[in-house]
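A quick write-up on the structure given underneath.
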Amino acid sequence: MAHQARSLLLLPIIVLGFSVLGGVYGSGVQAAIEEPDLDDSGNGADALGFTKFYALVEQNFATPLDPDRAIYAGAIPGMDATLDPHTTFFDPKAYRTFLDEQKGHYFGVGMEVGPRNDKTVVLAPFPGSPAYNVGLRPGDVLITINGKSTNNLTTDEIADLLKGPRGSPVKIVVSREGAPDFLSFTVVREEINRKSVPDGFFVGQGIAYIKVSGFEDDTSRGLEDNLKRLGQDKLEGLILDLRGNPGGLLDEAVDVAGAFLQKGVTVVSAYGRDYPKKTYTVRGGTRGREYPMVVLVNEYSASAAEIVSGALQDHDRAWIMGGTTFGKGLVQTVYPLSAGTAIALTTAHFYTPSGRLIQRDYSHESFYDYYNHKDGITRNANDVKMTDSGRTVYGGGGITPDEEYKTPPLDPLEAQLYRSSLFNFTRWYFSKHSSRLPAGWMPDQPVIESLRDYLLDNNIDFKDTDFMVDQDWIKRQLTKEMYIYAFDVDASDQIYAKTDPEVKKAMDSMPKAAALVENARKVMAKRRQ
């Protein structure tokens, strides 16, 4: 048994920083874990105690013991739950998913599915995907997949049925609003690549907008392609949107930050108890481009997104706007185990260029409260640092923006519409109207009145005054939903960004970003004299 317990841990793979929200992955090789010395003292005694306990259970438990379940669903997850919020055990399925996400692609039909009205429905086929090309549309209710009923299946189980080997067919039967019978589609699975950097566009005179949804192996290349296409040598300003970005590959974060910083400057450092300090610096550099930048962040911007926003703030390269970021400054090493499992073990912290530790304190709260920001995030007054130009910044609780922007909370009507009513209305509306909409379309008053009548017909309780007060919000959200159906999810995201009040506020703050860059340039020039 001692040999069996030790053999669970094999050689670790790449050094990764994995976030519960998405992760930070970095390159490098970590030394193998040393096997415990099994004697009657210290850690060896603890390991021996576990093996004795396991042997006792295996020999005497009332029913035959399933070793995989006991170890991989019991002992290891139980232990990692006592360590920190980001140490994570991967069962074989989770580990395969993790590796797929690291690559940024998989083989399937290419659509997002989710629950609506106790059914699993198509939320958005990806543009140009097999699902989109055969005619599957948002709102289609999934009935069977290759003859298997979707009743009582979870969304994850249904998503697994849709994945499969490249070139293999999958038969999908759906019900569609307004269709007299079920619709059947045969979709050939292909490699699905979702851009982590969708096509950027201009939101004002010379001001471009680029969103980075995650940090995958194509992110820095996607950013570079966008900047070239938009003509970065002539940009008068850039809005870089990192809101809701959960993280990703560390090397990609370094290269994204490096697209806006000078060659050789520090982007991030990482070190721990048995993790030698490593400093990541800019490899390419901006080659003198200093157009003003506003970076948008919120409480769901985590890990690699915090590396980028922290580096740009510390070097006075960008004006940070929004809400305080998640505060994930822990680095994980992923060690593969036997039976196709792995564990992401926290081995280090990462620090911004000024030396800030941005990891939130989790020692006095539950992991649930930590994940859900129920701690009332405060910056660490004892972790005070300076940016390149001498501005004061703080560690201890994420990246604090230079300019706070609070999104108003949803009122009861908005919450109801957001959950499902706008989605259901769109499905109903296009069952009675053509789904062809002109470019730049926005809902007019007859469409808004149709929505109001639909809500009343479906017994949605609301006040007329609330409906009037929420008109601007309703038009924006309804446009987003209807563009997914009439065009695709990328067109929807673009029209939503162009009407986003925070994006408009970022445009108004571009002079602050310009002043920040100019002041930093003067300060640094004076120091060099």
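Ordering of the structure tokens sets the chain letters (A, B, ...); residue numbers start at 1 within each chain; ligands are numbered from 1 in the order shown.
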
### Query
Can you tell me, as a ChimeraX atom specification, what residues are no more than 7 Å from A:Ala513 when counting only C-alpha atoms, ignoring any on the same chain fewer than 2 positions away?
/A:292-294,318-319,509-511,515-517

### Query
Which of stretch 64-187 of chain A counts as alpha helix (DSSP H) under DSSP, as JSON, numbers by chain please?
{"A": [67, 68, 69, 70, 76, 77, 78, 79, 80, 92, 93, 94, 95, 96, 97, 98, 99, 100, 101, 102, 103, 130, 131, 132, 133, 134, 155, 156, 157, 158, 159, 160, 161, 162]}

### Query
Restricting the calculation to only C-alpha atoms, which member of A:Asp118, A:Glu112, A:Asp490, A:Glu306 is positioned closest to A:Ile158?
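Of the candidates, the smallest distance to A:Ile158 is held by A:Glu112.
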
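Proximity to A:Asp500 at 12 Å, evaluated using only C-alpha atoms and with sequence-adjacent residues fewer than 2 positions away removed, yields A:Val203, A:Tyr209, A:Asp241, A:Leu296, A:Thr407, A:Asp472, A:Trp473, A:Lys475, A:Arg476, A:Gln477, A:Thr479, A:Lys480, A:Asp493, A:Gln494, A:Ile495, A:Tyr496, A:Ala497, A:Lys498, A:Glu502, A:Val503, A:Lys504, A:Lys505, A:Ala506, A:Met507.
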
### Query
Which is closest to A:Glu216 among A:Pro127, A:Pro115, A:Gly147, A:Gly247, if we use only C-alpha atoms?
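Closest candidate: A:Gly247.
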
### Which residue of A:Ala257, A:Val265, A:Leu162, A:Val334 approaches A:Phe90 most closely, using only C-alpha atoms
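So, comparing all the options, the nearest one is A:Val334.
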
### Query
Residues at most 10 Å from A:Ala520, counting only C-alpha atoms, excluding those fewer than 2 positions away in the same chain, as a PyMOL selection string?
chain A and resi 315-317+387-391+515-518+522-526

Tell me, as a tab-separated table (two decimals) with all heavy atoms, in the first residue's frame, which residues lie within 10 Å of stretch 223-236 of chain A, counting only C-alpha atoms; anything in the same chain fewer than 4 positions away does not count.
```tsv
chain	number	residue	atom	x	y	z
A	196	SER	N	-10.25	34.48	-29.06
A	196	SER	CA	-10.17	35.15	-27.76
A	196	SER	C	-10.10	36.66	-27.93
A	196	SER	O	-10.31	37.41	-26.97
A	196	SER	CB	-8.97	34.65	-26.96
A	196	SER	OG	-7.77	34.84	-27.69
A	197	VAL	N	-9.80	37.10	-29.16
A	197	VAL	CA	-9.81	38.53	-29.49
A	197	VAL	C	-10.70	38.70	-30.72
A	197	VAL	O	-10.23	38.58	-31.86
A	197	VAL	CB	-8.40	39.08	-29.77
A	197	VAL	CG1	-8.45	40.60	-29.95
A	197	VAL	CG2	-7.43	38.72	-28.65
A	198	PRO	N	-11.99	38.96	-30.52
A	198	PRO	CA	-12.87	39.20	-31.68
A	198	PRO	C	-12.42	40.44	-32.44
A	198	PRO	O	-11.63	41.25	-31.95
A	198	PRO	CB	-14.25	39.43	-31.02
A	198	PRO	CG	-14.14	38.86	-29.65
A	198	PRO	CD	-12.70	39.03	-29.25
A	199	ASP	N	-12.94	40.59	-33.66
A	199	ASP	CA	-12.56	41.73	-34.48
A	199	ASP	C	-12.88	43.04	-33.79
A	199	ASP	O	-14.01	43.29	-33.36
A	199	ASP	CB	-13.29	41.67	-35.82
A	199	ASP	CG	-12.78	40.55	-36.71
A	199	ASP	OD1	-11.70	40.00	-36.40
A	199	ASP	OD2	-13.46	40.21	-37.70
A	200	GLY	N	-11.86	43.89	-33.65
A	200	GLY	CA	-12.05	45.22	-33.07
A	200	GLY	C	-12.67	46.17	-34.08
A	200	GLY	O	-12.77	45.88	-35.27
A	201	PHE	N	-13.07	47.32	-33.60
A	201	PHE	CA	-13.74	48.31	-34.47
A	201	PHE	C	-13.59	49.68	-33.85
A	201	PHE	O	-13.14	49.83	-32.70
A	201	PHE	CB	-15.23	47.95	-34.63
A	201	PHE	CG	-15.92	47.63	-33.33
A	201	PHE	CD1	-16.51	48.62	-32.56
A	201	PHE	CD2	-15.98	46.32	-32.88
A	201	PHE	CE1	-17.14	48.33	-31.36
A	201	PHE	CE2	-16.60	46.01	-31.67
A	201	PHE	CZ	-17.18	47.02	-30.91
A	202	PHE	N	-13.97	50.70	-34.61
A	202	PHE	CA	-13.88	52.08	-34.13
A	202	PHE	C	-15.19	52.49	-33.46
A	202	PHE	O	-16.28	52.22	-33.99
A	202	PHE	CB	-13.54	53.03	-35.27
A	202	PHE	CG	-12.10	52.95	-35.70
A	202	PHE	CD1	-11.73	52.13	-36.76
A	202	PHE	CD2	-11.13	53.66	-35.04
A	202	PHE	CE1	-10.41	52.04	-37.16
A	202	PHE	CE2	-9.80	53.58	-35.43
A	202	PHE	CZ	-9.43	52.76	-36.49
A	204	GLY	N	-15.31	55.76	-32.15
A	204	GLY	CA	-15.28	57.22	-32.27
A	204	GLY	C	-14.17	57.60	-33.24
A	204	GLY	O	-13.47	56.74	-33.79
A	205	GLN	N	-14.00	58.88	-33.45
A	205	GLN	CA	-13.00	59.37	-34.38
A	205	GLN	C	-11.60	58.95	-33.94
A	205	GLN	O	-11.05	59.47	-32.95
A	205	GLN	CB	-13.05	60.90	-34.48
A	205	GLN	CG	-12.06	61.49	-35.46
A	205	GLN	CD	-12.34	61.04	-36.89
A	205	GLN	OE1	-13.50	61.00	-37.31
A	205	GLN	NE2	-11.29	60.72	-37.63
A	206	GLY	N	-11.03	57.97	-34.62
A	206	GLY	CA	-9.68	57.51	-34.32
A	206	GLY	C	-9.57	56.66	-33.08
A	206	GLY	O	-8.46	56.24	-32.72
A	207	ILE	N	-10.68	56.37	-32.38
A	207	ILE	CA	-10.65	55.59	-31.14
A	207	ILE	C	-11.17	54.18	-31.42
A	207	ILE	O	-12.32	54.00	-31.82
A	207	ILE	CB	-11.48	56.26	-30.03
A	207	ILE	CG1	-10.91	57.64	-29.72
A	207	ILE	CG2	-11.48	55.39	-28.78
A	207	ILE	CD1	-11.71	58.41	-28.69
A	208	ALA	N	-10.30	53.20	-31.21
A	208	ALA	CA	-10.65	51.81	-31.47
A	208	ALA	C	-11.04	51.09	-30.19
A	208	ALA	O	-10.64	51.49	-29.08
A	208	ALA	CB	-9.47	51.09	-32.13
A	209	TYR	N	-11.81	50.03	-30.36
A	209	TYR	CA	-12.24	49.19	-29.24
A	209	TYR	C	-11.85	47.76	-29.55
A	209	TYR	O	-12.16	47.23	-30.62
A	209	TYR	CB	-13.76	49.30	-29.07
A	209	TYR	CG	-14.36	48.28	-28.12
A	209	TYR	CD1	-14.56	48.59	-26.77
A	209	TYR	CD2	-14.74	47.01	-28.56
A	209	TYR	CE1	-15.11	47.65	-25.91
A	209	TYR	CE2	-15.29	46.08	-27.70
A	209	TYR	CZ	-15.47	46.41	-26.38
A	209	TYR	OH	-16.03	45.48	-25.52
A	210	ILE	N	-11.15	47.13	-28.60
A	210	ILE	CA	-10.77	45.72	-28.73
A	210	ILE	C	-11.10	45.02	-27.42
A	210	ILE	O	-10.71	45.48	-26.34
A	210	ILE	CB	-9.28	45.55	-29.05
A	210	ILE	CG1	-8.94	46.17	-30.41
A	210	ILE	CG2	-8.90	44.07	-29.06
A	210	ILE	CD1	-7.46	46.11	-30.75
A	211	LYS	N	-11.79	43.90	-27.51
A	211	LYS	CA	-12.10	43.10	-26.33
A	211	LYS	C	-11.24	41.85	-26.33
A	211	LYS	O	-11.07	41.20	-27.36
A	211	LYS	CB	-13.56	42.70	-26.30
A	211	LYS	CG	-13.95	41.90	-25.04
A	211	LYS	CD	-15.43	41.63	-24.98
A	211	LYS	CE	-15.80	40.85	-23.73
A	211	LYS	NZ	-15.52	41.61	-22.49
A	212	VAL	N	-10.69	41.52	-25.15
A	212	VAL	CA	-9.95	40.27	-24.97
A	212	VAL	C	-10.74	39.43	-23.98
A	212	VAL	O	-10.86	39.79	-22.81
A	212	VAL	CB	-8.52	40.52	-24.46
A	212	VAL	CG1	-7.78	39.20	-24.25
A	212	VAL	CG2	-7.74	41.41	-25.42
A	218	ASP	N	-3.64	31.87	-28.96
A	218	ASP	CA	-3.68	32.74	-30.13
A	218	ASP	C	-3.97	34.20	-29.77
A	218	ASP	O	-4.18	35.02	-30.65
A	218	ASP	CB	-4.75	32.25	-31.10
A	218	ASP	CG	-6.17	32.40	-30.54
A	218	ASP	OD1	-6.31	32.54	-29.30
A	218	ASP	OD2	-7.13	32.38	-31.33
A	219	THR	N	-3.98	34.53	-28.47
A	219	THR	CA	-4.46	35.85	-28.05
A	219	THR	C	-3.54	36.98	-28.50
A	219	THR	O	-4.00	37.96	-29.09
A	219	THR	CB	-4.64	35.89	-26.52
A	219	THR	OG1	-5.59	34.89	-26.13
A	219	THR	CG2	-5.16	37.25	-26.08
A	255	ASP	N	2.81	38.88	-23.43
A	255	ASP	CA	2.90	39.42	-24.79
A	255	ASP	C	1.83	40.48	-25.07
A	255	ASP	O	2.07	41.43	-25.82
A	255	ASP	CB	2.80	38.29	-25.81
A	255	ASP	CG	4.06	37.44	-25.86
A	255	ASP	OD1	5.10	37.91	-25.36
A	255	ASP	OD2	4.01	36.31	-26.37
A	256	VAL	N	0.64	40.30	-24.48
A	256	VAL	CA	-0.41	41.31	-24.66
A	256	VAL	C	0.02	42.62	-24.00
A	256	VAL	O	-0.08	43.70	-24.59
A	256	VAL	CB	-1.76	40.82	-24.09
A	256	VAL	CG1	-2.74	41.98	-23.97
A	256	VAL	CG2	-2.34	39.73	-24.99
A	259	ALA	N	2.64	44.46	-25.96
A	259	ALA	CA	2.25	45.18	-27.18
A	259	ALA	C	2.12	46.68	-26.93
A	259	ALA	O	2.10	47.46	-27.88
A	259	ALA	CB	0.92	44.64	-27.70
A	288	GLY	N	7.74	52.78	-29.78
A	288	GLY	CA	7.46	54.21	-29.69
A	288	GLY	C	5.99	54.60	-29.78
A	288	GLY	O	5.67	55.78	-29.69
A	289	ARG	N	5.08	53.65	-29.98
A	289	ARG	CA	3.67	54.00	-30.08
A	289	ARG	C	3.13	54.33	-28.68
A	289	ARG	O	3.18	53.51	-27.79
A	289	ARG	CB	2.87	52.85	-30.68
A	289	ARG	CG	3.34	52.44	-32.08
A	289	ARG	CD	2.41	51.37	-32.65
A	289	ARG	NE	2.94	50.82	-33.87
A	289	ARG	CZ	3.64	49.69	-33.95
A	289	ARG	NH1	3.92	49.02	-32.83
A	289	ARG	NH2	4.08	49.24	-35.10
A	290	GLU	N	2.59	55.54	-28.52
A	290	GLU	CA	2.13	55.97	-27.19
A	290	GLU	C	0.74	56.58	-27.26
A	290	GLU	O	0.43	57.53	-26.54
A	290	GLU	CB	3.13	56.96	-26.58
A	290	GLU	CG	4.48	56.33	-26.24
A	290	GLU	CD	5.38	57.29	-25.49
A	290	GLU	OE1	5.10	58.50	-25.49
A	290	GLU	OE2	6.37	56.82	-24.89
A	291	TYR	N	-0.14	56.05	-28.10
A	291	TYR	CA	-1.51	56.55	-28.13
A	291	TYR	C	-2.16	56.28	-26.77
A	291	TYR	O	-1.83	55.30	-26.09
A	291	TYR	CB	-2.32	55.90	-29.26
A	291	TYR	CG	-2.15	54.41	-29.37
A	291	TYR	CD1	-2.81	53.54	-28.51
A	291	TYR	CD2	-1.32	53.87	-30.35
A	291	TYR	CE1	-2.65	52.18	-28.61
A	291	TYR	CE2	-1.16	52.50	-30.46
A	291	TYR	CZ	-1.83	51.65	-29.58
A	291	TYR	OH	-1.66	50.30	-29.68
A	292	PRO	N	-3.07	57.14	-26.34
A	292	PRO	CA	-3.71	56.94	-25.04
A	292	PRO	C	-4.56	55.67	-25.01
A	292	PRO	O	-5.14	55.28	-26.03
A	292	PRO	CB	-4.56	58.19	-24.85
A	292	PRO	CG	-4.78	58.71	-26.23
A	292	PRO	CD	-3.55	58.36	-27.02
A	293	MET	N	-4.63	55.05	-23.84
A	293	MET	CA	-5.39	53.81	-23.66
A	293	MET	C	-6.25	53.89	-22.41
A	293	MET	O	-5.81	54.39	-21.37
A	293	MET	CB	-4.46	52.61	-23.50
A	293	MET	CG	-3.74	52.15	-24.73
A	293	MET	SD	-2.69	50.71	-24.33
A	293	MET	CE	-3.92	49.51	-23.78
A	510	MET	N	-10.59	59.58	-22.35
A	510	MET	CA	-9.37	59.44	-23.14
A	510	MET	C	-8.39	60.60	-22.91
A	510	MET	O	-7.17	60.36	-22.89
A	510	MET	CB	-9.72	59.32	-24.62
A	510	MET	CG	-8.66	58.65	-25.46
A	510	MET	SD	-8.23	56.96	-24.94
A	510	MET	CE	-9.72	56.06	-25.38
A	514	ALA	N	-4.41	60.30	-22.04
A	514	ALA	CA	-3.36	61.01	-22.78
A	514	ALA	C	-2.47	61.79	-21.82
A	514	ALA	O	-1.24	61.81	-21.96
A	514	ALA	CB	-4.00	61.94	-23.81
```
